[in-house]
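Everything on this sheet refers to the single structure shown next.
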There are 2 protein chains.
Amino acid sequence: MQTQLSCIIFVCMRNTVAKQAILEILYKSETALSQTEVQQILPQGFCNRVTIYRVLDRLVKENLIHEITNIDGVVKYANCKKCNKNHSHQHLHFSCENCNTVTCIKSVEPQFDLPKEYEIKKINFMVSGICPSCSR
Amino acid sequence: MQTQLSCIIFVCMRNTVAKQAILEILYKSETALSQTEVQQILPQGFCNRVTIYRVLDRLVKENLIHEITNIDGVVKYANCKKCNKNHSHQHLHFSCENCNTVTCIKSVEPQFDLPKEYEIKKINFMVSGICPSCSR
DNA sequence: TTATTTTTGCAACAAAGTTGCATTAATATT
DNA sequence: AATATTAATGCAACTTTGTTGCAAAAATAA
Ligand SMILES: [Mn+2]
Ligand SMILES: [Mn+2]
Ligand SMILES: [Zn+2]
Ligand SMILES: [Zn+2]
């Protein structure tokens, strides 16, 4: 199977059991998950932990998921359900200090004017605090 | 010496050689620095690497420096020269993929409207790409 | 069915950060 | 200035997280 990536690169990635299982976990999850969290959700011994790292990398390359770096430095992954085609993730992410979840706030895209001498490639907007369900 | 922090906590932190040296490095630096980078700037064997971690933590608590989590997950530290009193760092940070520097863009504060059910405690706005000096 | 190429498991490694504890250094007290 | 108090440091050991090389296994192409 060939998947077209950002109108430039063609990759040929295989549809493996591990890939399907990990992608399903991310699509069912309301929140973004780290490698560790994916591992904890998968059945014990389902696959090697290295495989999870590699599958997540592949899914990002295939534009099926996107990467979010949390304020604590941990990388989390979220599905790309309603992402625009150019895969730019300008939307805000909220990290709850209480329940430790990271959520895509797709409705909020911060506005900013960076001098055009800066060439923007990636955006990572994180806000942490207490989420609605933890604060009530 | 007692320093008042965010109008609430009083701490008693000592003015040590390591603290002075590390703070001076951060105040002289145009860019934010990681623990590793601070270590590389300090003279060989100046102090233990654990001490650098602990001094950086202390300087953050004293509101003398602020923490920035880079897109690659590495935590960088920058001085607080022109920071407002409540120590909120709404300004943008730019990470150059080429020269690997992280710079505070204090003039740019992204605007966003997060529903008030979210209680905001920390903000970490990162944009990565190519910085002006690398692109010319 | 066979050939080709990607993916996986495993072990070993590396980097980054943390912890406990004895020693040292800074500051407060006398 | 001497002493007492407590914070800071060095060191070693440990943990956590992520990476790499390579042989075996699995997926896809032929
Ligand atoms: Mn997102
Ligand atoms: Mn800054
Ligand atoms: Zn929460
Ligand atoms: Zn640069």
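Residue numbering restarts at 1 in every chain; chains get A, B, ... in the order shown in the structure tokens, and ligands count up from 1 in that same order.
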At a cut-off of 9 Å, list the chain D residues touching chain A, using only C-alpha atoms (C1' of nucleotides), as a PDB file with N, CA, C and O atoms (P, O5', C5', C4', C3', O3' and C1' of nucleotides), in the first residue's frame.
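So the final result, stored in iface-v9.pdb, reads:
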```pdb
ATOM      1  P    DG D  18      10.101   8.430  25.854  1.00  0.00           P
ATOM      2  O5'  DG D  18      11.309   8.087  24.879  1.00  0.00           O
ATOM      3  C5'  DG D  18      12.390   9.003  24.771  1.00  0.00           C
ATOM      4  C4'  DG D  18      13.562   8.317  24.128  1.00  0.00           C
ATOM      5  C3'  DG D  18      13.263   7.668  22.771  1.00  0.00           C
ATOM      6  O3'  DG D  18      14.091   8.281  21.798  1.00  0.00           O
ATOM      7  C1'  DG D  18      14.566   6.257  24.131  1.00  0.00           C
ATOM      8  P    DA D  26       5.671 -14.865  12.342  1.00  0.00           P
ATOM      9  O5'  DA D  26       5.290 -13.626  11.422  1.00  0.00           O
ATOM     10  C5'  DA D  26       5.260 -12.326  11.997  1.00  0.00           C
ATOM     11  C4'  DA D  26       4.996 -11.317  10.899  1.00  0.00           C
ATOM     12  C3'  DA D  26       3.795 -11.654  10.023  1.00  0.00           C
ATOM     13  O3'  DA D  26       3.003 -10.488   9.956  1.00  0.00           O
ATOM     14  C1'  DA D  26       5.711 -11.238   8.685  1.00  0.00           C
ATOM     15  P    DA D  27       1.568 -10.454   9.250  1.00  0.00           P
ATOM     16  O5'  DA D  27       1.894  -9.569   7.962  1.00  0.00           O
ATOM     17  C5'  DA D  27       2.310  -8.229   8.144  1.00  0.00           C
ATOM     18  C4'  DA D  27       2.694  -7.643   6.797  1.00  0.00           C
ATOM     19  C3'  DA D  27       1.600  -7.717   5.739  1.00  0.00           C
ATOM     20  O3'  DA D  27       1.465  -6.432   5.171  1.00  0.00           O
ATOM     21  C1'  DA D  27       3.610  -8.660   4.917  1.00  0.00           C
ATOM     22  P    DT D  28       0.203  -6.082   4.234  1.00  0.00           P
ATOM     23  O5'  DT D  28       0.868  -6.165   2.791  1.00  0.00           O
ATOM     24  C5'  DT D  28       1.921  -5.254   2.494  1.00  0.00           C
ATOM     25  C4'  DT D  28       2.684  -5.738   1.298  1.00  0.00           C
ATOM     26  C3'  DT D  28       1.852  -5.877   0.013  1.00  0.00           C
ATOM     27  O3'  DT D  28       2.399  -4.970  -0.922  1.00  0.00           O
ATOM     28  C1'  DT D  28       3.346  -7.683   0.281  1.00  0.00           C
TER      29       DT D  28
END
```
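Using only C-alpha atoms (C1' of nucleotides) and all ligand atoms, residues with at least one atom at most 12 Å away from any atom of ligand 3 are Thr31, Phe94, Ser95, Cys96, Glu97, Asn98, Cys99, Asn100, Thr101, Val102, Thr103, Ser128, Gly129, Ile130, Cys131, Pro132, Ser133, Cys134, Ser135 and Arg136 of chain A; Glu117, Tyr118, Glu119 and Ile120 of chain B.
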Write a file of the just-selected residues containing C-alpha atoms, as a tab-separated table (two decimals), in the first residue's frame.
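Contents of selection17.tsv, freshly written:
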```tsv
chain	number	residue	atom	x	y	z
A	31	THR	CA	-6.95	12.22	25.05
A	94	PHE	CA	-4.41	21.39	27.32
A	95	SER	CA	-2.57	19.36	29.92
A	96	CYS	CA	-4.33	18.73	33.22
A	97	GLU	CA	-2.02	18.77	36.21
A	98	ASN	CA	-4.55	16.73	38.16
A	99	CYS	CA	-5.67	13.89	35.90
A	100	ASN	CA	-2.53	14.12	33.79
A	101	THR	CA	-4.39	14.06	30.48
A	102	VAL	CA	-3.51	15.98	27.34
A	103	THR	CA	-6.45	17.03	25.18
A	128	SER	CA	-1.46	23.34	31.54
A	129	GLY	CA	-3.67	23.69	34.57
A	130	ILE	CA	-6.89	22.10	35.74
A	131	CYS	CA	-9.32	20.66	33.23
A	132	PRO	CA	-13.11	21.20	33.42
A	133	SER	CA	-13.91	17.73	34.74
A	134	CYS	CA	-11.27	17.98	37.46
A	135	SER	CA	-12.29	21.47	38.57
A	136	ARG	CA	-15.97	20.73	39.18
B	117	GLU	CA	-13.85	26.15	32.74
B	118	TYR	CA	-10.16	25.60	32.09
B	119	GLU	CA	-7.96	26.91	34.87
B	120	ILE	CA	-4.68	28.01	33.31
```
Pull out every residue of chain C that has at least one atom within 9 Å of chain B, counting only C-alpha atoms (C1' of nucleotides), and report them as a ChimeraX atom specification.
/C:17,25-27
Produce as a ChimeraX atom specification the set of residues near ligand 2, where near means within 10 Å with only C-alpha atoms (C1' of nucleotides) and all ligand atoms considered.
/B:31-32,65-68,76-83,88-94,102-106,124-126
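Atom CA of A:Pro110 sits 5.2 Å away from atom CA of B:Gln111.
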I need the helix (DSSP H, G or I) residues of chain B per DSSP on the backbone, written as number ranges by chain.
B: 17-28, 35-41, 49-61, 132-135
Keeping N, CA and C atoms for every residue in the selection just given, could you write it to a file as a compact mmCIF listing (two decimals), in the first residue's frame?
```txt
# COMPACT_ATOMS: atom_id res chain seq x y z
N VAL B 17 28.44 29.71 45.16
CA VAL B 17 29.29 29.92 43.98
C VAL B 17 28.64 29.34 42.73
N ALA B 18 28.09 28.13 42.86
CA ALA B 18 27.47 27.48 41.71
C ALA B 18 26.25 28.28 41.23
N LYS B 19 25.45 28.74 42.16
CA LYS B 19 24.26 29.52 41.79
C LYS B 19 24.66 30.80 41.06
N GLN B 20 25.64 31.50 41.59
CA GLN B 20 26.09 32.74 40.94
C GLN B 20 26.60 32.48 39.53
N ALA B 21 27.42 31.44 39.39
CA ALA B 21 28.01 31.15 38.08
C ALA B 21 26.94 30.78 37.06
N ILE B 22 25.99 29.96 37.48
CA ILE B 22 24.94 29.50 36.55
C ILE B 22 24.01 30.65 36.18
N LEU B 23 23.69 31.47 37.17
CA LEU B 23 22.82 32.61 36.89
C LEU B 23 23.50 33.59 35.94
N GLU B 24 24.78 33.78 36.11
CA GLU B 24 25.53 34.69 35.24
C GLU B 24 25.53 34.16 33.79
N ILE B 25 25.72 32.87 33.64
CA ILE B 25 25.69 32.27 32.31
C ILE B 25 24.35 32.54 31.64
N LEU B 26 23.26 32.35 32.39
CA LEU B 26 21.93 32.54 31.82
C LEU B 26 21.65 34.01 31.51
N TYR B 27 22.19 34.90 32.32
CA TYR B 27 21.95 36.32 32.06
C TYR B 27 22.76 36.84 30.89
N LYS B 28 23.91 36.23 30.66
CA LYS B 28 24.73 36.65 29.52
C LYS B 28 24.25 36.03 28.21
N GLN B 35 20.20 22.11 30.75
CA GLN B 35 21.17 21.71 31.79
C GLN B 35 22.50 21.31 31.16
N THR B 36 22.40 20.51 30.08
CA THR B 36 23.60 20.05 29.38
C THR B 36 24.42 21.22 28.85
N GLU B 37 23.73 22.20 28.27
CA GLU B 37 24.44 23.34 27.70
C GLU B 37 25.10 24.18 28.80
N VAL B 38 24.42 24.35 29.93
CA VAL B 38 25.02 25.07 31.05
C VAL B 38 26.29 24.35 31.49
N GLN B 39 26.19 23.02 31.59
CA GLN B 39 27.34 22.22 31.99
C GLN B 39 28.53 22.41 31.04
N GLN B 40 28.23 22.48 29.75
CA GLN B 40 29.30 22.63 28.76
C GLN B 40 29.96 24.01 28.84
N ILE B 41 29.19 25.01 29.27
CA ILE B 41 29.75 26.36 29.37
C ILE B 41 30.58 26.51 30.64
N ARG B 49 27.25 17.52 38.07
CA ARG B 49 26.11 17.74 37.18
C ARG B 49 24.78 17.77 37.93
N VAL B 50 24.71 17.01 39.02
CA VAL B 50 23.49 17.02 39.83
C VAL B 50 23.25 18.41 40.41
N THR B 51 24.32 19.06 40.78
CA THR B 51 24.22 20.41 41.33
C THR B 51 23.57 21.37 40.33
N ILE B 52 23.92 21.21 39.06
CA ILE B 52 23.34 22.08 38.04
C ILE B 52 21.82 21.88 37.98
N TYR B 53 21.39 20.63 37.97
CA TYR B 53 19.95 20.35 38.00
C TYR B 53 19.31 21.05 39.20
N ARG B 54 19.94 20.90 40.37
CA ARG B 54 19.33 21.45 41.57
C ARG B 54 19.36 22.96 41.61
N VAL B 55 20.43 23.56 41.11
CA VAL B 55 20.50 25.02 41.08
C VAL B 55 19.44 25.58 40.12
N LEU B 56 19.28 24.95 38.96
CA LEU B 56 18.28 25.43 38.00
C LEU B 56 16.88 25.36 38.61
N ASP B 57 16.59 24.27 39.30
CA ASP B 57 15.29 24.16 39.99
C ASP B 57 15.10 25.31 40.97
N ARG B 58 16.15 25.57 41.73
CA ARG B 58 16.07 26.64 42.73
C ARG B 58 15.85 28.00 42.11
N LEU B 59 16.58 28.28 41.02
CA LEU B 59 16.45 29.58 40.35
C LEU B 59 15.04 29.77 39.80
N VAL B 60 14.42 28.68 39.35
CA VAL B 60 13.03 28.78 38.87
C VAL B 60 12.12 29.12 40.05
N LYS B 61 12.32 28.44 41.18
CA LYS B 61 11.49 28.71 42.36
C LYS B 61 11.66 30.15 42.83
N PRO B 132 16.05 33.67 11.76
CA PRO B 132 16.51 34.67 10.79
C PRO B 132 17.99 34.54 10.44
N SER B 133 18.86 34.34 11.42
CA SER B 133 20.28 34.31 11.09
C SER B 133 20.67 33.05 10.32
N CYS B 134 19.91 31.97 10.49
CA CYS B 134 20.21 30.76 9.73
C CYS B 134 19.64 30.81 8.32
N SER B 135 18.59 31.61 8.12
CA SER B 135 17.92 31.58 6.80
C SER B 135 18.55 32.55 5.82
```
Among stretch 4-136 of chain A, which residues does DSSP mark as strand (DSSP E) when it is run on the backbone? Keep the chain and numbering as in the structure and answer as number ranges by chain.
A: 4-5, 9-12, 33-34, 65-69, 75-79, 92-96, 102-105, 119-130
Give me the residues near D:DA13 as an MDAnalysis selection string, where near means some atom within 10 Å (using only C-alpha atoms (C1' of nucleotides)) and where sequence neighbours in that chain fewer than 2 positions away do not count.
(chainID C and resid 19:20) or (chainID D and resid 11 15)
